[in-house]
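Peer 1: Here it is, the structure in full.
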Amino acid sequence: MHSSIASDDSLPTLKVLLIGPSGAGKSALLMRYCDDEYDPGSSAATIGIDFKIKKLAVRGEAYRLTLFDTAGQERFRTLSTSFYRGSHGVLLVYDISSRASFLTMERWFEEAETNTVDGVPLYLVGAKSDKAENNREVSPEEGRALADAHGARFCEASAKTRENVRRPFVDIVDQIVRSPDLLAAAKSGRALGTVAVSSNSAAGGYFASCLC
Amino acid sequence: MAESLSDTLWDVVICGTGLPQSLLALSLSRSDKKILHIDPNEYYGGAEAAFSLQEAGTWVNRLSLPTEAGSTRGVFRAASITKPPTASTSLSFPRAYSLALAPQFIHARSELLSQLVSSRAYRQVEFLAVGSFFIIKPASAPTSAKPTIVRIPSTREDVFSTTAISAKAKRVLMKFLKFVVAYDSDPQTELWQQHADTPLADFLHEHFKMDAELQTYITTLTLSLDGRISTKDGLAVIHRHLSSMGVFGLGFAAIYPKWGGLSEIAQVSCRAGAVGGAIYMLGTGIKNTTTTDGEIRLELTSGDSVKTRMLVRGDETVGGEVGISRLVAVIDSTLKTLFEVVVEGAPAPGVAVIALPAGAVTTAGGKVSDSPVYVLAHSSDTGECPVNQSVLYLTTLSTTDSKDVLQAALGSFLTAVSEDRVPDVLYELYYEQDLGSVESQTEDMIFHFPGPSLSLSFDDRTLGPVREAWEKISGGEAVEPDYMIFTDREGALDDDDVYD
């Protein structure tokens with residue numbers, strides 16, 4: 001499991017977050033995009049998934065996409081500042097069949113904007129577009145207007161029907177890799193000057209090789 | 001979808017998101033326990049929190065108000081913020097800062113790092129090297145008109161190449177360092193055992209004929225708050241320091257988590273708890289607890305009433321006897337000389353440690369400091385301030401004069417490090433921290449963590465009570481060797497997706 005990741009260590013790694021209110025369909029979107037799985041019965045909060053990895057090529061170059069879900073911390077709005085650290089892009093997801101979910105998005109934009117660095121692309125996704133016909137409570141125009149107000153891109157998507165599922169992910173990666181600053185950060189891998197703690201030298205210690 | 005808080009019988013409610021509570025959440029993150037993790041504060045990290053300037057302002061204001069129901073004053077008091085008017089234009093926006101309330105660096109040999117690695121939590125934390133240790137010598141007319149700063153030789157090469165000490169002193173230092181490496185085995189043990197509880201400085205003088213200056217070098221390495229550490233404790237700390245040297249790379253013994261220290265570890269641990277299914281609520285404390293047959297009923301400040309089999313919370317009582325005073329200062333200098341790489345191939349350090357030994361500081365009112373003042377200097381690489389600035393964390397034992405002592409120490413420090421000009425102070429945050437209770441306590445189904453350690457480097461004794469709580473919660477299911485040992489969470493699927 002881990003070895004396959006290690007072998008891709010040379011690929012630039014992009015950290016993309018999915019945020020938004022409980023029940024908006026973040027995990028369903030993630031599962032459909034990464035694993036092409038959809039479980040109509042699964043409405044419980046996501047347990048056990050820290051992040052998903054997807055390799056993709058944009059403009060002829062391969063990237064390793066790490067996608068972070070909220071792990072239920074959206075429920076009482078307890079996402080931490082460390083969760084946002086180092087993110088290259090943020091997908092903000094609401095449910096088009098729930099006005100209440102849409103009404104929280106202003107606050108989610110605010111949280112994303114305060115916790116990410118300048119230039120990080122934001123992308124608004126109206127999820128569950130399969131419900132457009134019978135249960136729509138938010139028009140695409142409203143969604144687009146909110147996105148425009150925050151300089152974000154917008155689309156509607158459905159994990160159930162697969163409509164537009166790849167679009168927000170691919171679009172946001174495209175935006176990220178077109179930003180020289182964000183791309184440079186992704187390509188440098190471990191931030192300059194930081195220390196790797198996972199492999200300590202057994203021979204460590206002040207007197208390992210001296211004073212004998 | 002979300003089950004109601006009050007319908008669930010929780011296995012454990014954890015109150016507070018300080019480091020011990022957060023590590024407990026991490027340790028339980030792969031269990032099937034139903035966990036509700038709350039914090040009366042609106043922020044993560046408890047006593048280990050890191051604040052933007054805005055959050056620091058809110059915190060200071062809240063400390064000055066009477067304590068609300070469901071929250072306790074905690075270990076901090078007497079907080080105030082000073083912004084010199086001349087410097088206010090140079091401060092960046094509030095979120096450009098992340099000031100740690102109780103910064104501690106972590107020795108490479110600390111069990112905390114082993115646990116972060118084995119639990120895989122380390123992947124979300126970035127660490128910087130803690131570099132050189134320095135001493136500030138007060139101005140002494142006529143030779144030096146201003147205080148001077150001297151680096152303590154901390155590697156073998158350093159000891160050989162330094163010009164700060166004499167050849168004779170170098171021999172003494174090397175002899176001592178050699179002794180420390182095997183201090184806990186015969187025949188060395190015999191040498192110090194009878195002095196175990198007397199001050200280390202006396203032992204250094206008697207057995208190694210160290211002069212006062214060398215003694216100060218050595219006691220500075222122990223970061224002893226009163227400067228009078230015992231031989232036994234002092235040797236243990238120096239041994240830890242030396243055996244940590246080089247473990248994660250050349251030329252450094254300790255590391256510091258980027259973006260505010262232990263606060264990051266607390267947040268990452270809570271995230272691991274959430275991934276494992278724990279429910280998180282901030283700004284929610286406990287108003288009332290009632291214990292009835294095998295259950296605790298908690299009335300939360302949010303209005304919810306929940307029931308749980310166990311409650312784990314932080315220390316509620318304040319010891320009050322020993323306390324420390326802290327001064328956090330943002331300055332408009334990179335302090336370049338303090339963060340130089342002194343061993344070829346070593347990473348650029350983000351933290352430097354500077355001591356003003358007892359007696360080295362004189363306040364404006366003429367009072368001479370009777371315990372050391374330590375300065376942890378953090379470069380902007382820590383992410384705690386914008387580039388071209390640095391954050392200084394000054395600590396000393398609390399006395400009636402400690403605020404003045406810290407002010408004077410800040411002044412000496414800035415004069416000592418100044419080259420062409422004395423750096424400007426842009427922001428100051430002063431507060432005092434009490435020592436909480438030092439032991440964990442269990443009453444019935446309630447477990448209390450001890451208060452946070454006042455130490456400047458992470459104290460592994462913090463980890464004991466976390467494990468104790470874990471054992472209590474895990475009960476018979478606890479399998480010792482599995483404690484904090486987890487595999488990576490990330491999914492195996494790694495498809496190619498091509499888009500042009």
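Lettering and numbering for the structure tokens are positional, with chains as A, B, ... in the shown order, residues counted from 1 in each chain, and ligands counted from 1 in the shown order.
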Could you give me the residues within chain A that DSSP places in strand (DSSP E), as a compact mmCIF listing (two decimals) with N, CA and C atoms, in the first residue's frame?

Peer 2:
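Just written: result18.txt:
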# COMPACT_ATOMS: atom_id res chain seq x y z
N THR A 13 2.96 16.78 -5.81
CA THR A 13 1.77 16.41 -5.05
C THR A 13 0.91 17.64 -4.80
N LEU A 14 -0.35 17.52 -5.14
CA LEU A 14 -1.29 18.62 -4.92
C LEU A 14 -2.27 18.24 -3.82
N LYS A 15 -2.44 19.13 -2.88
CA LYS A 15 -3.39 18.88 -1.78
C LYS A 15 -4.67 19.67 -2.06
N VAL A 16 -5.75 18.94 -2.24
CA VAL A 16 -7.03 19.59 -2.52
C VAL A 16 -8.04 19.17 -1.44
N LEU A 17 -8.77 20.13 -0.92
CA LEU A 17 -9.72 19.86 0.15
C LEU A 17 -11.15 19.87 -0.36
N LEU A 18 -12.00 19.05 0.25
CA LEU A 18 -13.43 19.14 -0.01
C LEU A 18 -14.10 19.59 1.29
N ILE A 19 -14.71 20.76 1.26
CA ILE A 19 -15.39 21.25 2.47
C ILE A 19 -16.84 21.61 2.14
N PHE A 51 -7.53 10.56 3.59
CA PHE A 51 -7.53 11.22 2.29
C PHE A 51 -7.44 10.17 1.20
N LYS A 52 -7.81 10.53 0.01
CA LYS A 52 -7.73 9.62 -1.13
C LYS A 52 -6.66 10.15 -2.07
N ILE A 53 -6.06 9.21 -2.77
CA ILE A 53 -5.01 9.62 -3.71
C ILE A 53 -5.44 9.28 -5.13
N LYS A 54 -5.19 10.20 -6.03
CA LYS A 54 -5.53 9.96 -7.43
C LYS A 54 -4.38 10.53 -8.26
N LYS A 55 -3.92 9.72 -9.18
CA LYS A 55 -2.90 10.23 -10.08
C LYS A 55 -3.60 10.76 -11.31
N LEU A 56 -3.21 11.92 -11.77
CA LEU A 56 -3.80 12.35 -13.03
C LEU A 56 -2.82 13.19 -13.82
N ALA A 57 -3.07 13.22 -15.14
CA ALA A 57 -2.19 13.99 -16.02
C ALA A 57 -2.97 15.16 -16.58
N VAL A 58 -2.41 16.34 -16.45
CA VAL A 58 -3.02 17.53 -17.00
C VAL A 58 -1.98 18.22 -17.86
N GLU A 61 1.36 16.48 -18.17
CA GLU A 61 2.22 16.19 -17.02
C GLU A 61 1.43 15.50 -15.91
N ALA A 62 2.08 14.52 -15.26
CA ALA A 62 1.40 13.73 -14.23
C ALA A 62 1.50 14.40 -12.87
N TYR A 63 0.43 14.30 -12.10
CA TYR A 63 0.39 14.85 -10.74
C TYR A 63 -0.21 13.82 -9.81
N ARG A 64 0.19 13.92 -8.55
CA ARG A 64 -0.41 13.09 -7.53
C ARG A 64 -1.36 13.98 -6.75
N LEU A 65 -2.62 13.65 -6.82
CA LEU A 65 -3.64 14.47 -6.18
C LEU A 65 -4.02 13.82 -4.85
N THR A 66 -3.85 14.55 -3.74
CA THR A 66 -4.32 14.03 -2.46
C THR A 66 -5.57 14.81 -2.09
N LEU A 67 -6.66 14.10 -1.89
CA LEU A 67 -7.96 14.72 -1.67
C LEU A 67 -8.39 14.49 -0.22
N PHE A 68 -8.54 15.59 0.50
CA PHE A 68 -8.87 15.51 1.93
C PHE A 68 -10.33 15.83 2.17
N GLY A 89 -5.75 23.83 -3.40
CA GLY A 89 -7.06 24.16 -3.94
C GLY A 89 -8.16 23.64 -3.02
N VAL A 90 -9.32 24.29 -3.08
CA VAL A 90 -10.43 23.89 -2.21
C VAL A 90 -11.72 23.76 -3.03
N LEU A 91 -12.37 22.60 -2.91
CA LEU A 91 -13.70 22.43 -3.50
C LEU A 91 -14.73 22.67 -2.40
N LEU A 92 -15.65 23.60 -2.65
CA LEU A 92 -16.71 23.87 -1.67
C LEU A 92 -17.99 23.24 -2.20
N VAL A 93 -18.54 22.32 -1.43
CA VAL A 93 -19.64 21.51 -1.93
C VAL A 93 -20.93 21.78 -1.15
N TYR A 94 -22.03 22.03 -1.90
CA TYR A 94 -23.35 22.10 -1.26
C TYR A 94 -24.30 21.20 -2.02
N ASP A 95 -25.50 21.05 -1.48
CA ASP A 95 -26.50 20.16 -2.05
C ASP A 95 -27.55 21.03 -2.75
N LEU A 122 -10.46 28.39 -5.53
CA LEU A 122 -11.64 27.83 -4.87
C LEU A 122 -12.61 27.42 -5.97
N TYR A 123 -13.39 26.39 -5.73
CA TYR A 123 -14.29 25.87 -6.75
C TYR A 123 -15.59 25.46 -6.09
N LEU A 124 -16.68 26.06 -6.50
CA LEU A 124 -17.97 25.76 -5.89
C LEU A 124 -18.68 24.65 -6.67
N VAL A 125 -19.12 23.63 -5.95
CA VAL A 125 -19.79 22.50 -6.60
C VAL A 125 -21.21 22.35 -6.02
N GLY A 126 -22.20 22.42 -6.90
CA GLY A 126 -23.57 22.10 -6.50
C GLY A 126 -23.77 20.61 -6.71
N ALA A 127 -23.77 19.84 -5.64
CA ALA A 127 -23.84 18.39 -5.76
C ALA A 127 -25.29 17.91 -5.85
N ARG A 153 -14.67 29.18 -9.53
CA ARG A 153 -15.38 28.55 -10.64
C ARG A 153 -16.55 27.76 -10.07
N PHE A 154 -17.43 27.31 -10.98
CA PHE A 154 -18.65 26.66 -10.51
C PHE A 154 -19.09 25.57 -11.47
N CYS A 155 -19.63 24.49 -10.94
CA CYS A 155 -20.39 23.54 -11.75
C CYS A 155 -21.33 22.76 -10.86
N GLU A 156 -22.28 22.11 -11.47
CA GLU A 156 -23.13 21.18 -10.75
C GLU A 156 -22.72 19.78 -11.15
N THR A 194 12.87 21.65 6.22
CA THR A 194 12.21 20.83 7.23
C THR A 194 12.94 19.50 7.39
N VAL A 195 12.71 18.90 8.52
CA VAL A 195 13.46 17.72 8.93
C VAL A 195 12.59 16.48 8.80

Peer 1: When DSSP works through the backbone of this structure, what residues of region 199-391 of chain B end up as alpha helix (DSSP H), shown as a ChimeraX atom specification?

Peer 2: /B:200-208,212-222,231-244,262-275

Peer 1: Go through B:Glu468, B:Asp211, B:Glu443, B:Glu428 and flag the residue nearest Tyr393 (chain B), using only C-alpha atoms for the distances.

Peer 2: B:Glu428

Peer 1: Select, from B:Leu392, B:Val125, B:Val247, B:Met445, the residue with the minimum atom-to-atom distance to Gly86 (chain A), counting only C-alpha atoms.

Peer 2: B:Val125

Peer 1: So what do you get for CA of Leu177 (chain B) versus CA of Ile238 (chain B), distance-wise?

Peer 2: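 Pair CA of Leu177 (chain B) / CA of Ile238 (chain B) returns 8.8 Å.
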
Peer 1: Identify, on the basis of only C-alpha atoms, every residue whose closest approach to Asn135 (chain A) does not exceed 6 Å; exclude the query and any residue fewer than 3 positions from it along the same chain; express the result as a ChimeraX atom specification.

Peer 2: /A:97,131-132

Peer 1: I'd like the contact shell of Leu204 (chain B) - 8 Å cut-off, only C-alpha atoms, skipping same-chain residues fewer than 5 positions apart - returned as a list of chain:residue names.

Peer 2: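 My reading of the contact set: B:Lys209, B:Met210, B:Gln215.
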
Peer 1: What lies within 12 Å of Arg178 (chain A) using only C-alpha atoms, ignoring chain neighbours under 5 positions off, as a PyMOL selection string?

Peer 2: chain A and resi 58-59+61+88+119-121+171-173+183-184

Peer 1: Quote the spacing between CA of Val343 (chain B) and CA of Gly251 (chain B) in Å to one decimal place.

Peer 2: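 Between CA of Val343 (chain B) and CA of Gly251 (chain B) the gap works out to 5.7 Å.
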